[in-house]
>>> print(open('work.txt').read())   # compact mmCIF, C-alpha atoms
# COMPACT_ATOMS: atom_id res chain seq x y z
CA MET A 1 18.51 -24.51 65.91
CA PHE A 2 15.50 -25.11 63.67
CA ILE A 3 17.51 -24.55 60.49
CA ALA A 4 20.37 -26.70 61.74
CA GLU A 5 18.23 -29.62 62.92
CA LYS A 6 15.58 -29.83 60.21
CA SER A 7 16.17 -30.96 56.66
CA PHE A 8 14.82 -28.62 53.94
CA GLU A 9 14.01 -30.03 50.51
CA GLY A 10 12.91 -28.14 47.43
CA CYS A 11 10.16 -29.88 45.45
CA GLY A 12 8.62 -29.27 42.05
CA GLY A 13 11.76 -27.60 40.76
CA LEU A 14 12.10 -25.12 43.62
CA VAL A 15 15.69 -24.13 44.40
CA LEU A 16 16.05 -23.53 48.13
CA THR A 17 17.52 -20.23 49.31
CA ASP A 18 18.37 -18.75 52.71
CA GLU A 19 15.29 -16.53 52.34
CA ILE A 20 13.06 -19.60 52.15
CA ARG A 21 14.70 -21.36 55.09
CA VAL A 22 14.74 -18.31 57.35
CA THR A 23 11.17 -17.24 56.50
CA ILE A 24 9.78 -20.68 57.29
CA ALA A 25 11.91 -21.13 60.41
CA ALA A 26 10.96 -17.69 61.77
CA GLN A 27 7.23 -18.31 61.46
CA ALA A 28 7.51 -21.84 62.85
CA CYS A 29 9.51 -20.67 65.84
CA MET A 30 7.09 -17.87 66.73
CA LEU A 31 4.91 -20.69 68.09
CA LEU A 32 7.73 -21.68 70.45
CA LEU A 33 8.95 -18.27 71.66
CA ASN A 34 8.36 -18.51 75.41
CA ARG A 35 7.30 -22.14 75.68
CA LYS A 36 9.46 -24.70 77.48
CA SER A 37 9.44 -27.07 74.55
CA ASP A 38 11.81 -28.92 72.28
CA CYS A 39 12.09 -27.62 68.74
CA TYR A 40 9.43 -29.78 67.07
CA PRO A 41 11.01 -33.06 68.21
CA LYS A 42 9.03 -35.26 65.80
CA LEU A 43 9.73 -33.08 62.76
CA TYR A 44 12.61 -34.06 60.49
CA SER A 45 11.88 -32.59 57.06
CA VAL A 46 10.36 -29.46 55.57
CA LEU A 47 9.35 -29.99 51.94
CA VAL A 48 8.76 -26.81 49.96
CA TYR A 49 6.96 -26.43 46.63
CA PRO A 50 6.94 -23.23 44.54
CA GLY A 51 3.16 -22.95 44.84
CA ALA A 52 0.00 -24.98 45.33
CA TYR A 53 0.58 -28.63 44.49
CA VAL A 54 -1.51 -31.67 43.66
CA VAL A 55 -1.28 -34.89 45.68
CA GLY A 56 -3.21 -38.08 46.30
CA ALA A 57 -4.84 -38.98 49.61
CA ARG A 58 -2.48 -38.92 52.58
CA ASN A 59 -2.76 -39.36 56.33
CA SER A 60 -2.09 -35.72 57.05
CA PHE A 61 -3.71 -32.45 57.93
CA ASP A 62 -3.69 -30.17 54.95
CA PHE A 63 -4.66 -26.67 53.98
CA HIS A 64 -6.18 -26.55 50.51
CA PRO A 65 -7.98 -23.76 48.67
CA THR A 66 -10.13 -25.56 46.10
CA GLY A 67 -10.22 -29.32 46.56
CA SER A 68 -8.85 -32.28 48.44
CA SER A 69 -5.99 -32.77 45.98
CA VAL A 70 -4.79 -29.16 45.56
CA ARG A 71 -2.90 -28.02 48.64
CA LEU A 72 -0.96 -25.15 50.12
CA GLY A 73 0.46 -27.18 53.00
CA GLU A 74 0.37 -30.42 54.96
CA SER A 75 1.50 -31.70 58.33
CA TRP A 76 2.40 -35.37 58.31
CA HIS A 77 2.28 -37.60 61.36
CA HIS A 78 5.62 -39.17 60.44
CA GLY A 79 7.88 -36.15 60.69
CA ALA A 80 7.36 -33.81 57.75
CA VAL A 81 5.70 -30.51 56.92
CA VAL A 82 4.95 -29.62 53.30
CA LEU A 83 4.50 -25.98 52.30
CA ALA A 84 3.82 -23.88 49.20
CA TRP A 85 6.48 -21.17 49.18
CA ASP A 86 4.35 -18.46 47.55
CA SER A 87 1.74 -18.90 50.29
CA VAL A 88 4.36 -18.90 53.04
CA LYS A 89 5.87 -15.70 51.66
CA ARG A 90 2.45 -14.07 51.31
CA GLY A 91 1.67 -14.97 54.92
CA ALA A 92 4.91 -13.39 56.10
CA ILE A 93 4.37 -10.18 54.12
CA ASN A 94 0.74 -9.72 55.18
CA PHE A 95 0.70 -10.54 58.88
CA ARG A 96 -2.73 -9.11 59.61
CA ASP A 97 -5.09 -11.00 57.28
CA GLY A 98 -5.56 -14.01 59.54
CA HIS A 99 -4.07 -16.44 57.03
CA ASN A 100 -0.66 -17.98 57.62
CA VAL A 101 -0.06 -21.42 56.14
CA ALA A 102 3.27 -21.90 57.94
CA MET A 103 1.78 -21.24 61.37
CA HIS A 104 -1.22 -23.37 60.46
CA GLU A 105 0.86 -26.44 59.62
CA PHE A 106 3.28 -26.05 62.52
CA ALA A 107 0.31 -25.73 64.88
CA HIS A 108 -0.67 -29.18 63.59
CA GLN A 109 2.81 -30.40 64.50
CA LEU A 110 2.29 -29.20 68.07
CA ASP A 111 -1.10 -30.88 68.15
CA GLN A 112 0.41 -34.15 66.90
CA GLU A 113 3.22 -34.34 69.48
CA ASP A 114 1.11 -36.56 71.74
CA GLY A 115 0.40 -38.92 68.84
CA ARG A 116 -3.10 -37.62 68.17
CA SER A 117 -4.53 -34.90 65.96
CA ASP A 118 -7.47 -33.76 68.03
CA GLY A 119 -7.04 -30.06 68.68
CA ALA A 120 -5.64 -30.68 72.16
CA PRO A 121 -1.85 -30.31 72.22
CA ILE A 122 0.31 -31.16 75.21
CA LEU A 123 -0.64 -28.58 77.85
CA GLY A 124 1.72 -29.52 80.64
CA MET A 125 -0.56 -29.59 83.67
CA ARG A 126 -3.40 -32.10 83.76
CA SER A 127 -5.68 -29.47 85.27
CA ALA A 128 -5.36 -27.33 82.15
CA TYR A 129 -7.18 -29.83 79.92
CA SER A 130 -10.61 -29.28 81.47
CA ALA A 131 -10.74 -25.55 80.73
CA TRP A 132 -9.15 -26.09 77.29
CA SER A 133 -11.75 -28.71 76.37
CA GLN A 134 -14.68 -26.60 77.54
CA VAL A 135 -13.57 -23.46 75.72
CA PHE A 136 -12.45 -25.12 72.51
CA SER A 137 -15.53 -27.34 72.25
CA LYS A 138 -17.82 -24.35 72.70
CA GLU A 139 -15.91 -22.17 70.21
CA TYR A 140 -15.62 -24.99 67.67
CA GLU A 141 -19.36 -25.61 67.76
CA LEU A 142 -19.98 -21.87 67.44
CA LEU A 143 -17.81 -21.68 64.33
CA GLN A 144 -19.57 -24.72 62.88
CA GLN A 145 -22.93 -23.07 63.44
CA LYS A 146 -21.82 -19.77 61.94
CA THR A 147 -20.37 -21.55 58.92
CA LYS A 148 -23.56 -23.56 58.44
CA ASN A 149 -25.64 -20.37 58.59
CA GLY A 150 -23.33 -18.42 56.30
CA GLN A 151 -22.36 -15.97 59.04
CA LYS A 152 -18.96 -14.32 59.15
CA SER A 153 -16.44 -14.99 61.88
CA VAL A 154 -13.03 -13.57 62.75
CA MET A 155 -11.79 -17.13 62.14
CA ASP A 156 -11.70 -18.80 58.74
CA GLU A 157 -14.55 -21.24 58.15
CA TYR A 158 -11.98 -23.96 57.38
CA GLY A 159 -11.63 -24.25 61.14
CA ALA A 160 -15.11 -25.79 61.24
CA THR A 161 -13.78 -28.90 59.45
CA ASN A 162 -12.71 -30.76 62.60
CA PRO A 163 -11.16 -29.96 66.03
CA ALA A 164 -7.59 -30.25 64.72
CA GLU A 165 -8.24 -27.73 61.96
CA PHE A 166 -10.01 -25.49 64.44
CA PHE A 167 -6.89 -25.36 66.62
CA ALA A 168 -4.69 -24.57 63.60
CA VAL A 169 -7.03 -21.83 62.33
CA ALA A 170 -7.41 -20.41 65.85
CA THR A 171 -3.62 -20.25 66.07
CA GLU A 172 -3.42 -18.26 62.83
CA THR A 173 -6.08 -15.88 64.11
CA PHE A 174 -4.43 -15.53 67.54
CA PHE A 175 -1.16 -14.33 66.02
CA GLU A 176 -2.55 -12.35 63.08
CA LYS A 177 -5.83 -10.92 64.41
CA PRO A 178 -5.30 -10.77 68.18
CA VAL A 179 -7.40 -7.65 68.78
CA GLN A 180 -10.41 -9.06 66.95
CA LEU A 181 -10.04 -12.48 68.56
CA GLN A 182 -9.81 -11.08 72.07
CA LYS A 183 -12.85 -8.88 71.47
CA LYS A 184 -15.05 -11.56 69.88
CA HIS A 185 -13.73 -14.66 71.65
CA PRO A 186 -11.99 -13.61 74.90
CA GLU A 187 -11.97 -17.10 76.45
CA LEU A 188 -10.38 -18.61 73.38
CA TYR A 189 -7.78 -15.84 73.27
CA HIS A 190 -7.02 -16.47 76.95
CA GLU A 191 -6.48 -20.21 76.42
CA LEU A 192 -4.20 -19.62 73.43
CA GLN A 193 -2.24 -16.96 75.32
CA GLY A 194 -1.71 -19.42 78.14
CA PHE A 195 -0.53 -22.09 75.74
CA TYR A 196 1.76 -19.99 73.54
CA LYS A 197 3.05 -17.80 76.41
CA VAL A 198 2.87 -14.63 74.32
CA ALA A 199 0.39 -11.77 73.94
CA PRO A 200 0.26 -10.77 70.25
CA ILE A 201 -2.21 -8.02 71.10
CA GLU A 202 0.74 -6.13 72.62
CA TRP A 203 2.55 -6.18 69.26
CA VAL A 204 -0.20 -4.27 67.47
CA ASN A 205 0.56 -0.59 66.94
>>> encode(input="work.txt", output="structure tokens")
Amino acid sequence: MFIAEKSFEGCGGLVLTDEIRVTIAAQACMLLLNRKSDCYPKLYSVLVYPGAYVVGARNSFDFHPTGSSVRLGESWHHGAVVLAWDSVKRGAINFRDGHNVAMHEFAHQLDQEDGRSDGAPILGMRSAYSAWSQVFSKEYELLQQKTKNGQKSVMDEYGATNPAEFFAVATETFFEKPVQLQKKHPELYHELQGFYKVAPIEWVN
């Protein structure tokens, strides 16, 4: 359904292949596995570059390694996700390092479905927002403090940028480092498990 409904476009000279489409679709759809949700209803296009690319300022949430203009991925509010193929492929091959640019950007898409990028996606029940807010606010502030003090965390320090980036980084960690996340941040793991309706810790051999 994802491949049929979404438009894929190669950028920067990249020739699209079935490997590219399926790899991106598989990682995007892991975030939807057991959730009663449409297939990214506001997403229309997936733009894919061969590698990191340079852009000007945009109204998007991006994942960049060195500066604000060099990026590995973006999630636009107006229906597009942009990805660097070499990073997507690396994330699919190494699924235990806590870094997955595809999941990161598609987590932003989930966050943006209510029209806001604030780290609080649509949860379904109104009662769920109170616990979500309490846990995520506490964990976000903790990551900010650890980053400021130069302390290591199971989550990437990029998550300390803002609440939206924290949710995207927490999503990467939830799927790729579930054992560590549950041990170090059990409440956060519990909230993410409730949202995504899966338990990645059960997939670890």
>>> atom_distance(input="work.txt", atom1="atom CA of A:Val204", atom2="atom CA of A:Pro186")
16.8 Å
>>> atom_distance(input="work.txt", atom1="atom CA of A:Thr161", atom2="atom CA of A:Phe136")
13.7 Å
>>> atom_distance(input="work.txt", atom1="atom CA of A:Arg96", atom2="atom CA of A:Met155")
12.4 Å
>>> residues_around(input="work.txt", residues="A:Leu142", least_positions_apart="4", cutoff="12 Å", atoms="only C-alpha atoms", output="PDB file with C-alpha atoms, in the coordinates of the input")
ATOM      1  CA  VAL A 135     -13.570 -23.460  75.720  1.00  0.00           C
ATOM      2  CA  PHE A 136     -12.450 -25.120  72.510  1.00  0.00           C
ATOM      3  CA  SER A 137     -15.530 -27.340  72.250  1.00  0.00           C
ATOM      4  CA  LYS A 138     -17.820 -24.350  72.700  1.00  0.00           C
ATOM      5  CA  LYS A 146     -21.820 -19.770  61.940  1.00  0.00           C
ATOM      6  CA  THR A 147     -20.370 -21.550  58.920  1.00  0.00           C
ATOM      7  CA  LYS A 148     -23.560 -23.560  58.440  1.00  0.00           C
ATOM      8  CA  ASN A 149     -25.640 -20.370  58.590  1.00  0.00           C
ATOM      9  CA  GLN A 151     -22.360 -15.970  59.040  1.00  0.00           C
ATOM     10  CA  LYS A 152     -18.960 -14.320  59.150  1.00  0.00           C
ATOM     11  CA  SER A 153     -16.440 -14.990  61.880  1.00  0.00           C
ATOM     12  CA  VAL A 154     -13.030 -13.570  62.750  1.00  0.00           C
ATOM     13  CA  MET A 155     -11.790 -17.130  62.140  1.00  0.00           C
ATOM     14  CA  GLU A 157     -14.550 -21.240  58.150  1.00  0.00           C
ATOM     15  CA  GLY A 159     -11.630 -24.250  61.140  1.00  0.00           C
ATOM     16  CA  ALA A 160     -15.110 -25.790  61.240  1.00  0.00           C
ATOM     17  CA  PHE A 166     -10.010 -25.490  64.440  1.00  0.00           C
ATOM     18  CA  LYS A 184     -15.050 -11.560  69.880  1.00  0.00           C
ATOM     19  CA  HIS A 185     -13.730 -14.660  71.650  1.00  0.00           C
ATOM     20  CA  LEU A 188     -10.380 -18.610  73.380  1.00  0.00           C
TER      21      LEU A 188
END
>>> closest_residue(input="work.txt", among="A:Phe95, A:Phe8, A:Trp85, A:Tyr129", to="A:Leu47", atoms="only C-alpha atoms")
A:Phe8
>>> closest_residue(input="work.txt", among="A:Ala170, A:Ala164, A:Ile122, A:Ala92", to="A:Glu139", atoms="all atoms listed in the file")
A:Ala170
>>> closest_residue(input="work.txt", among="A:Pro200, A:Gly51, A:Gly115, A:Gly124", to="A:Thr171", atoms="all atoms listed in the file")
A:Pro200
>>> axis_aligned_box(input="work.txt", around="stretch 79-88 of chain A", padding_each_side="6 Å", output="lines of an AutoDock Vina configuration file")
center_x = 4.8
center_y = -27.3
center_z = 54.1
size_x = 18.1
size_y = 29.7
size_z = 25.1
>>> decode(input="work.txt", residues="stretch 120-159 of chain A", atoms="N, CA and C atoms", output="mmCIF file, in the first residue's frame")
data_model
loop_
_atom_site.group_PDB
_atom_site.id
_atom_site.type_symbol
_atom_site.label_atom_id
_atom_site.label_comp_id
_atom_site.auth_asym_id
_atom_site.auth_seq_id
_atom_site.Cartn_x
_atom_site.Cartn_y
_atom_site.Cartn_z
ATOM 1 N N ALA A 120 4.228 15.371 20.332
ATOM 2 C CA ALA A 120 3.018 14.728 20.850
ATOM 3 C C ALA A 120 2.125 14.338 19.681
ATOM 4 N N PRO A 121 2.293 13.138 19.154
ATOM 5 C CA PRO A 121 1.462 12.679 18.033
ATOM 6 C C PRO A 121 0.032 12.409 18.487
ATOM 7 N N ILE A 122 -0.813 12.058 17.562
ATOM 8 C CA ILE A 122 -2.199 11.728 17.890
ATOM 9 C C ILE A 122 -2.217 10.420 18.682
ATOM 10 N N LEU A 123 -2.719 10.463 19.900
ATOM 11 C CA LEU A 123 -2.672 9.305 20.798
ATOM 12 C C LEU A 123 -3.976 8.533 20.863
ATOM 13 N N GLY A 124 -5.030 9.092 20.320
ATOM 14 C CA GLY A 124 -6.305 8.389 20.352
ATOM 15 C C GLY A 124 -7.175 8.855 21.503
ATOM 16 N N MET A 125 -6.907 8.372 22.695
ATOM 17 C CA MET A 125 -7.694 8.745 23.865
ATOM 18 C C MET A 125 -7.149 10.017 24.501
ATOM 19 N N ARG A 126 -8.057 10.911 24.878
ATOM 20 C CA ARG A 126 -7.638 12.172 25.502
ATOM 21 C C ARG A 126 -6.889 11.923 26.805
ATOM 22 N N SER A 127 -7.257 10.873 27.512
ATOM 23 C CA SER A 127 -6.630 10.576 28.797
ATOM 24 C C SER A 127 -5.163 10.191 28.660
ATOM 25 N N ALA A 128 -4.758 9.789 27.465
ATOM 26 C CA ALA A 128 -3.380 9.337 27.260
ATOM 27 C C ALA A 128 -2.390 10.496 27.227
ATOM 28 N N TYR A 129 -2.872 11.704 26.937
ATOM 29 C CA TYR A 129 -1.965 12.839 26.757
ATOM 30 C C TYR A 129 -1.300 13.278 28.057
ATOM 31 N N SER A 130 -1.976 13.117 29.182
ATOM 32 C CA SER A 130 -1.410 13.550 30.455
ATOM 33 C C SER A 130 -0.153 12.755 30.803
ATOM 34 N N ALA A 131 -0.264 11.427 30.738
ATOM 35 C CA ALA A 131 0.893 10.575 31.044
ATOM 36 C C ALA A 131 2.012 10.793 30.033
ATOM 37 N N TRP A 132 1.630 10.907 28.746
ATOM 38 C CA TRP A 132 2.621 11.142 27.686
ATOM 39 C C TRP A 132 3.393 12.422 27.964
ATOM 40 N N SER A 133 2.676 13.491 28.270
ATOM 41 C CA SER A 133 3.311 14.784 28.519
ATOM 42 C C SER A 133 4.251 14.730 29.713
ATOM 43 N N GLN A 134 3.812 14.103 30.787
ATOM 44 C CA GLN A 134 4.639 14.017 31.990
ATOM 45 C C GLN A 134 5.926 13.249 31.731
ATOM 46 N N VAL A 135 5.803 12.090 31.092
ATOM 47 C CA VAL A 135 6.975 11.251 30.845
ATOM 48 C C VAL A 135 7.919 11.907 29.845
ATOM 49 N N PHE A 136 7.371 12.386 28.741
ATOM 50 C CA PHE A 136 8.232 12.944 27.705
ATOM 51 C C PHE A 136 8.890 14.244 28.148
ATOM 52 N N SER A 137 8.191 15.064 28.898
ATOM 53 C CA SER A 137 8.795 16.301 29.396
ATOM 54 C C SER A 137 9.962 15.993 30.321
ATOM 55 N N LYS A 138 9.744 15.035 31.227
ATOM 56 C CA LYS A 138 10.798 14.656 32.168
ATOM 57 C C LYS A 138 12.006 14.073 31.443
ATOM 58 N N GLU A 139 11.767 13.178 30.482
ATOM 59 C CA GLU A 139 12.864 12.520 29.778
ATOM 60 C C GLU A 139 13.588 13.493 28.840
ATOM 61 N N TYR A 140 12.841 14.409 28.250
ATOM 62 C CA TYR A 140 13.456 15.415 27.380
ATOM 63 C C TYR A 140 14.381 16.324 28.185
ATOM 64 N N GLU A 141 13.920 16.768 29.333
ATOM 65 C CA GLU A 141 14.751 17.618 30.187
ATOM 66 C C GLU A 141 15.977 16.869 30.688
ATOM 67 N N LEU A 142 15.816 15.574 30.962
ATOM 68 C CA LEU A 142 16.948 14.763 31.404
ATOM 69 C C LEU A 142 18.005 14.660 30.311
ATOM 70 N N LEU A 143 17.556 14.440 29.070
ATOM 71 C CA LEU A 143 18.505 14.356 27.957
ATOM 72 C C LEU A 143 19.189 15.699 27.725
ATOM 73 N N GLN A 144 18.440 16.785 27.858
ATOM 74 C CA GLN A 144 19.045 18.109 27.726
ATOM 75 C C GLN A 144 20.138 18.311 28.771
ATOM 76 N N GLN A 145 19.856 17.908 29.993
ATOM 77 C CA GLN A 145 20.822 18.073 31.072
ATOM 78 C C GLN A 145 22.059 17.217 30.840
ATOM 79 N N LYS A 146 21.846 15.976 30.424
ATOM 80 C CA LYS A 146 22.980 15.094 30.152
ATOM 81 C C LYS A 146 23.826 15.639 29.002
ATOM 82 N N THR A 147 23.172 16.139 27.973
ATOM 83 C CA THR A 147 23.897 16.695 26.830
ATOM 84 C C THR A 147 24.705 17.915 27.256
ATOM 85 N N LYS A 148 24.100 18.772 28.052
ATOM 86 C CA LYS A 148 24.780 19.973 28.532
ATOM 87 C C LYS A 148 26.007 19.618 29.358
ATOM 88 N N ASN A 149 25.902 18.546 30.146
ATOM 89 C CA ASN A 149 27.000 18.138 31.022
ATOM 90 C C ASN A 149 27.989 17.189 30.358
ATOM 91 N N GLY A 150 27.742 16.858 29.090
ATOM 92 C CA GLY A 150 28.639 15.960 28.376
ATOM 93 C C GLY A 150 28.520 14.513 28.791
ATOM 94 N N GLN A 151 27.387 14.148 29.381
ATOM 95 C CA GLN A 151 27.174 12.769 29.823
ATOM 96 C C GLN A 151 26.549 11.946 28.702
ATOM 97 N N LYS A 152 26.865 10.669 28.676
ATOM 98 C CA LYS A 152 26.331 9.787 27.654
ATOM 99 C C LYS A 152 24.916 9.358 28.011
ATOM 100 N N SER A 153 24.153 9.073 26.960
ATOM 101 C CA SER A 153 22.792 8.570 27.118
ATOM 102 C C SER A 153 22.560 7.494 26.074
ATOM 103 N N VAL A 154 21.603 6.618 26.323
ATOM 104 C CA VAL A 154 21.250 5.604 25.332
ATOM 105 C C VAL A 154 20.658 6.266 24.085
ATOM 106 N N MET A 155 20.142 7.500 24.255
ATOM 107 C CA MET A 155 19.587 8.249 23.133
ATOM 108 C C MET A 155 20.604 9.255 22.602
ATOM 109 N N ASP A 156 20.555 9.493 21.296
ATOM 110 C CA ASP A 156 21.450 10.451 20.678
ATOM 111 C C ASP A 156 21.166 11.858 21.198
ATOM 112 N N GLU A 157 22.217 12.631 21.405
ATOM 113 C CA GLU A 157 22.070 13.982 21.948
ATOM 114 C C GLU A 157 21.284 14.907 21.022
ATOM 115 N N TYR A 158 21.120 14.536 19.763
ATOM 116 C CA TYR A 158 20.321 15.343 18.838
ATOM 117 C C TYR A 158 18.879 15.457 19.331
ATOM 118 N N GLY A 159 18.450 14.494 20.119
ATOM 119 C CA GLY A 159 17.107 14.537 20.672
ATOM 120 C C GLY A 159 16.897 15.667 21.655
#
